[in-house]
$ cat my_file39.cif   # mmCIF, C-alpha atoms
data_query
loop_
_atom_site.label_atom_id
_atom_site.label_comp_id
_atom_site.auth_asym_id
_atom_site.auth_seq_id
_atom_site.Cartn_x
_atom_site.Cartn_y
_atom_site.Cartn_z
CA MET A 12 292.70 23.41 34.35
CA LYS A 13 295.78 21.35 33.58
CA GLY A 14 297.45 24.39 32.10
CA LEU A 15 296.62 26.31 35.25
CA ALA A 16 298.15 23.60 37.40
CA ILE A 17 301.34 23.65 35.37
CA PHE A 18 301.40 27.40 35.65
CA ILE A 19 300.97 27.22 39.41
CA VAL A 20 303.89 24.83 39.59
CA SER A 21 305.99 27.05 37.39
CA VAL A 22 305.39 30.13 39.49
CA GLY A 23 305.48 28.20 42.70
CA LEU A 24 309.16 28.27 43.50
CA PHE A 25 309.72 31.19 45.74
CA GLY A 26 310.64 32.00 49.26
CA ALA A 27 313.98 31.33 47.80
CA VAL A 28 317.26 30.86 49.49
CA SER A 29 320.14 31.47 47.20
CA VAL A 30 322.82 28.93 47.80
CA LEU A 31 325.26 31.51 46.63
CA ASP A 32 323.99 34.58 48.35
CA PHE A 33 326.61 34.48 51.04
CA THR A 34 329.54 33.81 48.80
CA ASP A 35 332.13 36.23 47.60
CA PRO A 36 334.71 35.52 44.92
CA GLY A 37 337.27 34.46 47.48
CA SER A 38 335.05 32.01 49.29
CA LEU A 39 333.94 30.48 46.01
CA THR A 40 337.33 28.97 45.48
CA ARG A 41 337.67 28.12 49.16
CA VAL A 42 334.51 26.05 49.16
CA GLY A 43 335.47 24.49 45.85
CA LEU A 44 332.54 25.69 43.77
CA THR A 45 333.23 26.11 40.10
CA GLN A 46 333.33 29.50 38.47
CA ALA A 47 330.04 28.71 36.75
CA LYS A 48 328.39 28.51 40.15
CA ALA A 49 329.18 32.15 40.68
CA TYR A 50 326.40 32.99 38.31
CA TYR A 51 323.15 33.67 39.93
CA GLY A 52 320.41 31.11 40.19
CA THR A 53 322.25 27.91 39.37
CA GLY A 54 320.00 24.90 39.49
CA ARG A 55 318.44 24.06 42.77
CA ARG A 56 315.01 23.46 44.10
CA ILE A 57 313.69 25.00 47.22
CA ALA A 58 310.71 24.56 49.45
CA ARG A 59 307.86 26.79 48.48
CA ARG A 60 305.04 28.20 50.44
CA THR A 61 301.35 27.43 50.64
CA ALA A 62 299.44 27.96 47.45
CA ARG A 63 297.39 30.89 48.67
CA ARG A 64 299.63 33.48 47.14
CA THR A 65 300.36 31.25 44.21
CA ALA A 66 296.71 31.46 43.24
CA ARG A 67 296.85 35.22 43.66
CA ARG A 68 299.77 35.33 41.29
CA VAL A 69 297.94 33.29 38.73
CA ALA A 70 295.05 35.71 38.91
CA ARG A 71 297.44 38.58 38.29
CA ARG A 72 299.15 36.71 35.47
CA HIS A 73 302.59 37.11 36.94
CA ASN A 74 304.97 34.79 35.29
CA TYR A 75 307.97 34.67 37.47
CA TYR A 76 309.86 32.07 39.32
CA ARG A 77 313.18 32.12 40.95
CA ALA A 78 314.83 28.76 40.65
CA PRO A 79 316.40 27.13 38.79
CA ALA A 80 316.72 30.15 36.57
CA VAL A 81 320.15 30.96 35.24
CA TYR A 82 320.40 34.61 34.50
CA ALA A 83 323.84 34.75 32.97
CA PRO A 84 325.79 32.24 30.92
CA PRO A 85 328.88 30.68 32.49
CA VAL A 86 331.36 32.59 30.41
CA ALA A 87 334.25 34.80 31.36
CA ALA A 88 333.06 37.73 33.45
CA ALA A 89 334.54 40.21 30.99
CA GLY A 90 332.22 38.93 28.28
CA LEU A 91 328.98 39.61 30.13
CA ALA A 92 326.35 41.60 28.32
CA VAL A 93 324.61 44.60 29.80
CA GLY A 94 321.60 43.37 31.75
CA ALA A 95 323.19 40.12 32.89
CA ILE A 96 322.69 39.36 36.58
CA VAL A 97 325.30 37.61 38.70
CA ALA A 98 325.34 36.53 42.33
CA SER A 99 328.79 37.81 43.14
CA LEU A 100 331.41 40.13 41.77
CA PRO A 101 334.66 38.99 40.17
CA SER A 102 337.79 39.77 42.12
CA SER A 103 339.47 43.17 42.39
CA CYS A 104 336.62 45.60 41.89
CA SER A 105 336.55 49.20 42.92
CA SER A 106 333.45 51.00 44.05
CA VAL A 107 332.40 54.15 42.21
CA SER A 108 329.64 56.57 43.12
CA VAL A 109 327.97 58.46 40.27
CA ASN A 110 324.99 60.71 40.98
CA GLY A 111 324.47 59.04 44.32
CA ILE A 112 324.36 55.55 42.82
CA THR A 113 327.00 53.02 43.74
CA TYR A 114 328.63 50.93 41.01
CA TYR A 115 331.49 48.48 40.97
CA ASN A 116 334.15 48.67 38.29
CA CYS A 117 335.61 45.23 37.77
CA GLY A 118 338.23 45.38 35.06
CA GLY A 119 336.19 47.78 32.94
CA THR A 120 332.84 45.98 33.40
CA TYR A 121 330.46 47.94 35.58
CA TYR A 122 328.05 46.32 37.99
CA GLN A 123 325.19 47.86 39.93
CA PRO A 124 324.12 46.10 43.14
CA ALA A 125 320.39 45.39 43.44
CA TYR A 126 317.93 43.16 45.26
CA ASP A 127 316.22 40.39 43.36
CA GLY A 128 313.74 39.66 46.10
CA PRO A 129 315.89 39.03 49.17
CA ASN A 130 318.97 38.16 47.13
CA LEU A 131 321.66 40.73 46.64
CA VAL A 132 322.73 40.52 43.00
CA TYR A 133 324.84 42.55 40.61
CA VAL A 134 323.56 43.76 37.25
CA VAL A 135 325.96 44.49 34.43
CA VAL A 136 325.38 48.08 33.31
CA GLU A 137 326.79 50.54 30.80
CA PRO A 138 329.72 52.48 32.26
CA PRO A 139 328.09 55.28 34.29
CA ARG A 140 328.87 58.88 33.38
CA MET B 11 263.19 -1.41 33.19
CA PHE B 12 263.78 -2.66 36.72
CA LYS B 13 267.46 -3.02 35.95
CA HIS B 14 267.67 0.59 34.81
CA MET B 15 265.78 1.78 37.88
CA LYS B 16 268.40 0.17 40.08
CA LEU B 17 271.15 1.92 38.17
CA VAL B 18 269.45 5.31 38.51
CA LEU B 19 268.91 4.79 42.22
CA PHE B 20 272.52 3.77 42.66
CA ALA B 21 273.71 6.85 40.79
CA ALA B 22 271.48 9.05 42.90
CA PHE B 23 272.79 7.41 46.07
CA VAL B 24 276.38 7.98 44.98
CA MET B 25 275.68 11.60 44.18
CA VAL B 26 273.89 12.27 47.46
CA SER B 27 276.59 10.61 49.53
CA PHE B 28 279.26 12.48 47.61
CA LEU B 29 277.58 15.83 48.16
CA SER B 30 276.86 15.22 51.82
CA GLN B 31 280.38 14.19 52.65
CA THR B 32 282.43 16.61 50.62
CA PRO B 33 281.52 20.23 51.14
CA VAL B 34 282.73 22.49 48.38
CA SER B 35 284.65 25.53 49.57
CA ALA B 36 284.16 29.02 48.22
CA SER B 37 287.15 28.62 45.94
CA GLY B 38 285.57 25.56 44.37
CA ASN B 39 287.91 23.04 45.94
CA VAL B 40 286.43 19.89 47.35
CA THR B 41 287.46 19.84 50.98
CA GLN B 42 287.36 17.23 53.67
CA VAL B 43 288.53 18.68 56.94
CA GLU B 44 287.94 17.00 60.25
CA PRO B 45 285.83 19.31 62.46
CA LYS B 46 288.38 19.16 65.27
CA ALA B 47 291.20 20.26 62.99
CA ASP B 48 289.03 23.04 61.58
CA LYS B 49 288.04 24.22 65.05
CA ILE B 50 291.61 24.41 66.35
CA LEU B 51 292.77 26.22 63.22
CA LYS B 52 289.96 28.75 63.67
CA GLN B 53 290.81 29.24 67.35
CA MET B 54 294.43 29.88 66.42
CA SER B 55 293.45 32.32 63.69
CA ASN B 56 291.11 34.24 66.01
CA TYR B 57 293.76 34.35 68.70
CA LEU B 58 296.36 35.73 66.28
CA LYS B 59 293.87 38.30 65.02
CA SER B 60 293.28 39.44 68.61
CA GLN B 61 296.99 40.06 69.17
CA GLN B 62 297.32 43.78 68.47
CA HIS B 63 301.06 43.59 68.87
CA PHE B 64 303.58 40.89 69.65
CA ILE B 65 307.25 40.06 69.69
CA ALA B 66 308.08 36.52 68.60
CA GLN B 67 311.34 34.65 68.35
CA ALA B 68 311.45 31.89 65.80
CA GLU B 69 313.75 29.47 64.09
CA THR B 70 313.20 28.67 60.44
CA SER B 71 314.68 26.07 58.14
CA TYR B 72 314.72 25.88 54.37
CA GLU B 73 315.66 22.84 52.40
CA SER B 74 317.45 23.31 49.15
CA ILE B 75 317.95 20.47 46.68
CA LEU B 76 321.16 20.83 44.72
CA ASP B 77 321.57 19.66 41.13
CA SER B 78 323.20 16.50 42.45
CA GLY B 79 320.02 15.71 44.41
CA GLN B 80 321.74 16.43 47.71
CA LYS B 81 319.53 18.15 50.23
CA ILE B 82 320.94 21.04 52.25
CA THR B 83 319.06 22.57 55.17
CA TYR B 84 319.61 26.21 56.02
CA LEU B 85 318.68 27.56 59.41
CA ASN B 86 317.74 31.11 60.33
CA GLN B 87 316.92 32.79 63.58
CA VAL B 88 314.08 35.24 63.15
CA ASN B 89 312.86 37.98 65.46
CA ILE B 90 309.43 39.35 64.58
CA TYR B 91 308.02 42.62 65.93
CA LEU B 92 304.48 43.12 64.66
CA LYS B 93 301.91 45.79 65.42
CA ARG B 94 298.52 45.68 63.71
CA PRO B 95 297.50 46.97 61.31
CA ASP B 96 300.59 48.50 59.76
CA ARG B 97 303.92 47.99 61.51
CA LEU B 98 306.52 45.25 61.15
CA TYR B 99 310.16 44.70 61.90
CA VAL B 100 311.82 41.37 61.13
CA ARG B 101 315.41 40.52 61.88
CA ARG B 102 316.77 37.43 60.19
CA THR B 103 320.07 35.96 61.23
CA GLY B 104 321.72 32.98 59.60
CA MET B 105 324.46 31.84 57.31
CA ILE B 106 322.60 33.05 54.24
CA ARG B 107 320.49 35.85 55.53
CA ASN B 108 321.55 38.59 57.85
CA GLN B 109 318.78 40.94 56.93
CA ASP B 110 316.37 43.35 58.54
CA ILE B 111 312.97 44.27 57.17
CA PHE B 112 311.34 47.51 58.25
CA TYR B 113 307.73 48.46 57.51
CA ASP B 114 306.12 51.56 58.93
CA GLY B 115 302.82 51.67 57.04
CA ASN B 116 304.37 53.55 54.17
CA THR B 117 307.82 52.30 53.25
CA LEU B 118 309.38 48.86 53.25
CA THR B 119 313.14 48.66 53.62
CA LEU B 120 315.30 45.58 53.22
CA TYR B 121 318.72 45.89 54.81
CA SER B 122 321.58 43.40 54.51
CA ARG B 123 323.60 43.81 57.68
CA ASN B 124 326.70 42.06 56.33
CA LYS B 125 326.91 44.02 53.12
CA HIS B 126 325.51 47.27 54.48
CA MET B 127 323.16 47.60 51.53
CA TYR B 128 319.53 48.60 51.65
CA ALA B 129 316.63 49.08 49.27
CA SER B 130 313.40 50.90 50.05
CA ALA B 131 310.05 50.82 48.29
CA LYS B 132 306.80 52.60 48.82
CA VAL B 133 304.26 49.95 49.73
CA PRO B 134 300.52 49.77 50.62
CA PRO B 135 299.29 50.95 54.03
CA THR B 136 298.31 47.70 55.79
CA LEU B 137 300.23 44.55 56.66
CA ASP B 138 297.96 42.31 54.55
CA GLN B 139 298.31 44.51 51.46
CA MET B 140 302.01 44.99 52.08
CA PHE B 141 302.65 41.21 52.18
CA ASP B 142 300.82 40.77 48.88
CA TYR B 143 302.72 43.66 47.34
CA ALA B 144 306.06 42.39 48.63
CA ILE B 145 305.36 38.97 47.15
CA ASP B 146 304.00 40.13 43.79
CA GLU B 147 306.07 43.22 43.08
CA LEU B 148 309.27 42.86 45.11
CA HIS B 149 309.54 39.06 45.14
CA LEU B 150 310.09 39.11 48.86
CA VAL B 151 308.45 35.92 50.01
CA ALA B 152 308.71 34.62 53.52
CA PRO B 153 306.56 31.51 53.88
CA GLY B 154 306.13 32.29 57.56
CA SER B 155 304.15 35.39 56.62
CA ASP B 156 301.20 33.00 56.18
CA LEU B 157 300.88 33.33 59.95
CA LEU B 158 301.10 37.13 60.03
CA TYR B 159 298.06 38.04 57.93
CA SER B 160 295.03 39.38 59.78
CA ASP B 161 292.92 36.36 58.77
CA VAL B 162 295.26 33.39 58.91
CA TYR B 163 292.44 30.84 58.61
CA GLN B 164 291.23 32.17 55.28
CA GLY B 165 294.72 32.20 53.81
CA LEU B 166 295.74 28.76 54.97
CA MET B 167 292.46 27.10 53.98
CA SER B 168 292.24 28.54 50.47
CA ASP B 169 293.92 25.60 48.76
CA VAL B 170 293.10 22.78 51.17
CA ILE B 171 291.82 19.41 49.97
CA SER B 172 291.77 17.69 53.35
CA GLY B 173 292.68 18.28 56.96
CA MET B 174 293.28 15.91 59.85
CA TYR B 175 293.67 16.11 63.57
CA ILE B 176 296.66 13.92 64.35
CA GLY B 177 296.90 14.20 68.14
CA THR B 178 298.88 15.98 70.79
CA ASN B 179 302.62 16.33 71.02
CA LYS B 180 305.15 18.64 72.61
CA VAL B 181 307.08 21.29 70.70
CA ASN B 182 310.02 22.56 72.76
CA GLY B 183 308.28 21.26 75.87
CA ILE B 184 304.94 22.93 75.09
CA LEU B 185 301.93 20.68 74.59
CA CYS B 186 300.40 21.22 71.14
CA HIS B 187 297.63 19.94 68.90
CA HIS B 188 299.08 18.50 65.73
CA LEU B 189 297.12 19.26 62.56
CA ALA B 190 297.94 18.07 59.04
CA PHE B 191 296.50 19.50 55.83
CA ARG B 192 296.78 18.48 52.23
CA GLY B 193 296.69 21.05 49.44
CA LYS B 194 296.93 20.76 45.69
CA GLU B 195 300.45 22.12 45.57
CA VAL B 196 301.79 21.80 49.07
CA ASP B 197 301.01 19.87 52.23
CA TRP B 198 301.40 21.62 55.54
CA GLN B 199 301.31 20.82 59.23
CA LEU B 200 300.72 22.93 62.27
CA TRP B 201 301.36 22.39 65.93
CA VAL B 202 299.05 24.71 67.86
CA GLU B 203 299.63 25.32 71.55
CA ALA B 204 297.00 23.57 73.69
CA GLY B 205 295.16 25.68 76.24
CA ASN B 206 294.05 29.29 76.23
CA ARG B 207 296.93 30.61 74.10
CA PRO B 208 296.55 28.83 70.72
CA ILE B 209 299.88 30.01 69.32
CA PRO B 210 301.24 28.29 66.19
CA ARG B 211 304.33 26.69 67.72
CA LYS B 212 305.50 24.88 64.63
CA TYR B 213 304.60 25.17 60.95
CA VAL B 214 305.93 22.85 58.23
CA ILE B 215 305.30 23.21 54.50
CA THR B 216 306.17 20.36 52.14
CA SER B 217 306.53 21.10 48.43
CA LYS B 218 305.44 17.63 47.48
CA TRP B 219 305.60 17.92 43.69
CA THR B 220 309.13 19.29 43.69
CA ALA B 221 311.66 16.48 43.33
CA GLY B 222 313.15 15.80 46.73
CA SER B 223 310.07 17.30 48.44
CA PRO B 224 311.89 20.20 50.10
CA GLU B 225 310.37 21.53 53.29
CA TYR B 226 310.15 24.87 55.00
CA SER B 227 309.65 24.93 58.72
CA LEU B 228 309.17 27.58 61.33
CA THR B 229 309.25 27.04 65.08
CA ILE B 230 308.12 29.76 67.43
CA LEU B 231 310.30 29.76 70.52
CA SER B 232 308.83 32.71 72.38
CA TRP B 233 305.77 34.91 72.12
CA ASP B 234 305.27 38.18 73.98
CA SER B 235 302.15 40.26 73.46
CA GLU B 236 302.60 42.29 76.66
CA LYS B 237 305.77 44.20 75.97
CA ALA B 238 305.23 47.46 74.07
CA ILE B 239 307.27 47.96 70.91
CA PRO B 240 308.92 51.38 70.54
CA GLU B 241 307.89 53.16 67.34
CA GLY B 242 311.50 53.59 66.27
CA ARG B 243 311.76 49.85 65.78
CA PHE B 244 309.76 50.10 62.56
CA HIS B 245 311.79 52.87 60.92
CA PHE B 246 315.04 52.46 59.06
CA GLU B 247 317.74 55.10 59.33
CA PRO B 248 320.78 54.52 57.13
CA LYS B 249 324.10 54.69 58.91
CA GLU B 250 327.26 56.11 57.47
CA GLY B 251 328.64 53.77 54.85
CA ASP B 252 325.30 52.13 54.09
CA VAL B 253 324.73 51.85 50.35
CA LYS B 254 321.32 52.42 48.81
CA VAL B 255 320.41 50.01 46.02
CA VAL B 256 317.26 49.27 44.04
CA PHE B 257 314.82 46.37 43.88
CA LEU B 258 315.00 44.73 40.46
CA LYS B 259 311.81 44.85 38.46
CA PRO B 260 310.30 41.62 37.11
CA ASP B 261 310.98 42.63 33.52
CA GLU B 262 314.66 43.16 34.25
CA ILE B 263 314.93 39.66 35.68
CA ASN B 264 312.84 38.15 32.89
CA GLY B 265 314.91 40.01 30.32
CA ALA B 266 318.10 38.50 31.69
CA LYS B 267 316.51 35.04 31.66
CA LYS B 268 315.25 35.45 28.13
CA ARG B 269 318.68 36.41 26.85
CA ILE B 270 320.10 33.26 28.40
CA ARG B 271 317.48 31.08 26.72
CA GLU B 272 318.34 32.65 23.38
CA LEU B 273 322.06 32.15 23.94
CA ARG B 274 321.50 28.48 24.68
CA LYS B 275 319.65 27.81 21.41
#
$ encode --input "my_file39.cif" --output "structure tokens"
Amino acid sequence: MKGLAIFIVSVGLFGAVSVLDFTDPGSLTRVGLTQAKAYYGTGRRIARRTARRTARRVARRHNYYRAPAVYAPPVAAAGLAVGAIVASLPSSCSSVSVNGITYYNCGGTYYQPAYDGPNLVYVVVEPPR
Amino acid sequence: MFKHMKLVLFAAFVMVSFLSQTPVSASGNVTQVEPKADKILKQMSNYLKSQQHFIAQAETSYESILDSGQKITYLNQVNIYLKRPDRLYVRRTGMIRNQDIFYDGNTLTLYSRNKHMYASAKVPPTLDQMFDYAIDELHLVAPGSDLLYSDVYQGLMSDVISGMYIGTNKVNGILCHHLAFRGKEVDWQLWVEAGNRPIPRKYVITSKWTAGSPEYSLTILSWDSEKAIPEGRFHFEPKEGDVKVVFLKPDEINGAKKRIRELRK
């Protein structure tokens, strides 16, 4: 029962608002956030919803929560591994369309835009061909 | 012997009084809800269920606690167009979210108006099932959707420990009954319009075990169940320049998180 309660708490943080969702690389420096903050899911806690759906999640054994997950380490953008997820693109990217899918080429690192829930994020991918 | 008898009687008395005062809900939670609070919540739920379609304007706020402990409140304006059992259009406008959600009984599309990006997913055929799917599979969670299910009472009451009737108060000039409920994980309050239109005028959820106790709130500013909603409202048509993207799968997100944990070791 205690384990269940802890689990409920751990999956309970959703309905998330990304602090960074609205930022772009330019505005990051304008608002004085550090480069590390550009990475998706930096620590924050948000209001969650009633437990009804939390219980449903427990029943389905989903183990997912949004915050304060950090999906990519605060290292130079060029060093990001494939599969890393960031909240915003580095500066000077060009958009490329391959087989109907849009990618961004940022200094040789390719990003694919995607939704993580309601948050628009960018996933580092292998260069498309 | 007499001494023991007294003890047994006392234990029996305690048990009987406990059982008589604390009904156990279907989910096994011990609940203590004042009858008046329960009645108003049921009236609201039945009224919402009877609304075959409605257009509502709402304002929502989310609190976000930063690492520093500072609390930031984000506001959104939300327009809801709902038609039971299987149509929904939601337009969210705010600093963080400028997004539209389309649901036509088959497909759910999320569109970011600022970035002109959209993702579509095939989803179940009723609103109730779609909300569950959106939460579990797409991680699209809008706390206000608690009030959009077909049986709002059942959903709200599923984790309740106690409920109180606080009194009457005005929300944006409209007289409301104020109800307050305590759950295991969250506490929540409702202001239900007094009179023959028991509309939920204000809904506040407090995440009490999260440091800083962030709150979500939703205030319904207008409610129209007369005006017909054109079918086209529920369908998304990409415009030129709109970019199609995907919804990330849970394992992709978890994979990224796992790699970070390993890097930090």
$ closest_residue --input "my_file39.cif" --among "A:Gly118, A:Gly111, A:Pro101, A:Pro138" --to "chain B" --atoms "all atoms listed in the file"
A:Gly111
$ resolve_selection --input "my_file39.cif" --expression "the PyMOL selection byres ((chain B) within 7 of (chain A))" --output "short mmCIF file (atom, residue, chain, number, x, y, z; two decimals) with C-alpha atoms, keeping the file's coordinate frame"
data_model
loop_
_atom_site.label_atom_id
_atom_site.label_comp_id
_atom_site.auth_asym_id
_atom_site.auth_seq_id
_atom_site.Cartn_x
_atom_site.Cartn_y
_atom_site.Cartn_z
CA TYR B 72 314.72 25.88 54.37
CA GLU B 73 315.66 22.84 52.40
CA SER B 74 317.45 23.31 49.15
CA ILE B 75 317.95 20.47 46.68
CA LEU B 76 321.16 20.83 44.72
CA ASP B 77 321.57 19.66 41.13
CA ILE B 106 322.60 33.05 54.24
CA ASP B 146 304.00 40.13 43.79
CA LEU B 148 309.27 42.86 45.11
CA HIS B 149 309.54 39.06 45.14
CA LEU B 150 310.09 39.11 48.86
CA VAL B 151 308.45 35.92 50.01
CA ALA B 152 308.71 34.62 53.52
CA PRO B 153 306.56 31.51 53.88
CA GLY B 165 294.72 32.20 53.81
CA LEU B 166 295.74 28.76 54.97
CA SER B 168 292.24 28.54 50.47
CA ASP B 169 293.92 25.60 48.76
CA GLU B 195 300.45 22.12 45.57
CA VAL B 196 301.79 21.80 49.07
CA ILE B 215 305.30 23.21 54.50
CA THR B 216 306.17 20.36 52.14
CA SER B 217 306.53 21.10 48.43
CA PRO B 224 311.89 20.20 50.10
CA GLU B 225 310.37 21.53 53.29
CA TYR B 226 310.15 24.87 55.00
CA VAL B 255 320.41 50.01 46.02
CA VAL B 256 317.26 49.27 44.04
CA PHE B 257 314.82 46.37 43.88
CA LEU B 258 315.00 44.73 40.46
CA ALA B 266 318.10 38.50 31.69
CA LYS B 267 316.51 35.04 31.66
CA ILE B 270 320.10 33.26 28.40
#
$ atom_distance --input "my_file39.cif" --atom1 "CA of Lys254 (chain B)" --atom2 "CA of Tyr128 (chain B)"
5.1 Å
$ resolve_selection --input "my_file39.cif" --expression "the PyMOL selection byres ((chain A and resi 104) around 12)" --output "ChimeraX atom specification"
/A:35-36,99-103,105-107,114-123
$ closest_residue --input "my_file39.cif" --among "B:His245, B:Gly183, B:Ser160, B:Gly222" --to "Ser78 (chain B)" --atoms "all atoms listed in the file"
B:Gly222
$ resolve_selection --input "my_file39.cif" --expression "the PyMOL selection byres ((chain B and resi 88) around 10)" --output "list in words"
Ala66, Gln67, Ala68, Glu69, Thr70, Leu85, Asn86, Gln87, Asn89, Ile90, Tyr91, Val100, Arg101, Arg102, Thr103, Gly104, Arg107, Asn108, Gln109, Asp110, Leu228, Thr229, Ile230 and Leu231 of chain B
$ atom_distance --input "my_file39.cif" --atom1 "CA of Ser155 (chain B)" --atom2 "CA of Gln61 (chain B)"
15.2 Å
$ atom_distance --input "my_file39.cif" --atom1 "CA of Ile145 (chain B)" --atom2 "CA of Gln199 (chain B)"
22.2 Å
$ residues_around --input "my_file39.cif" --residues "Arg140 (chain A)" --least-positions-apart "3" --cutoff "10 Å" --atoms "only C-alpha atoms" --output "MDAnalysis selection string"
chainID A and resid 109:110 137
$ axis_aligned_box --input "my_file39.cif" --around "region 108-113 of chain B" --padding-each-side "6 Å" --output "AutoDock Vina command-line options"
--center_x 314.6 --center_y 43.5 --center_z 57.7 --size_x 25.8 --size_y 21.9 --size_z 13.6
$ closest_residue --input "my_file39.cif" --among "B:Met167, B:Val202, B:Met140, B:Ile263" --to "Tyr133 (chain A)" --atoms "all atoms listed in the file"
B:Ile263
$ residues_around --input "my_file39.cif" --residues "Glu236 (chain B)" --least-positions-apart "3" --cutoff "12 Å" --atoms "all atoms listed in the file" --output "PyMOL selection string"
chain B and resi 61-66+93+233+239
$ write_last_selection --input "my_file39.cif" --atoms "C-alpha atoms" --output "PDB file, in the frame of the given file"
ATOM      1  CA  GLN B  61     296.990  40.060  69.170  1.00  0.00           C
ATOM      2  CA  GLN B  62     297.320  43.780  68.470  1.00  0.00           C
ATOM      3  CA  HIS B  63     301.060  43.590  68.870  1.00  0.00           C
ATOM      4  CA  PHE B  64     303.580  40.890  69.650  1.00  0.00           C
ATOM      5  CA  ILE B  65     307.250  40.060  69.690  1.00  0.00           C
ATOM      6  CA  ALA B  66     308.080  36.520  68.600  1.00  0.00           C
ATOM      7  CA  LYS B  93     301.910  45.790  65.420  1.00  0.00           C
ATOM      8  CA  TRP B 233     305.770  34.910  72.120  1.00  0.00           C
ATOM      9  CA  ILE B 239     307.270  47.960  70.910  1.00  0.00           C
TER      10      ILE B 239
END
$ residues_around --input "my_file39.cif" --residues "region 186-192 of chain B" --least-positions-apart "5" --cutoff "7 Å" --atoms "only C-alpha atoms" --output "list in words"
Ala47, Val170, Ile171, Ser172, Gly173, Met174, Tyr175, Ile176, Gly177, Thr178, Asn179, Lys180, Val181, Asp197, Trp198, Gln199, Leu200, Trp201, Val202, Glu203 and Ala204 of chain B
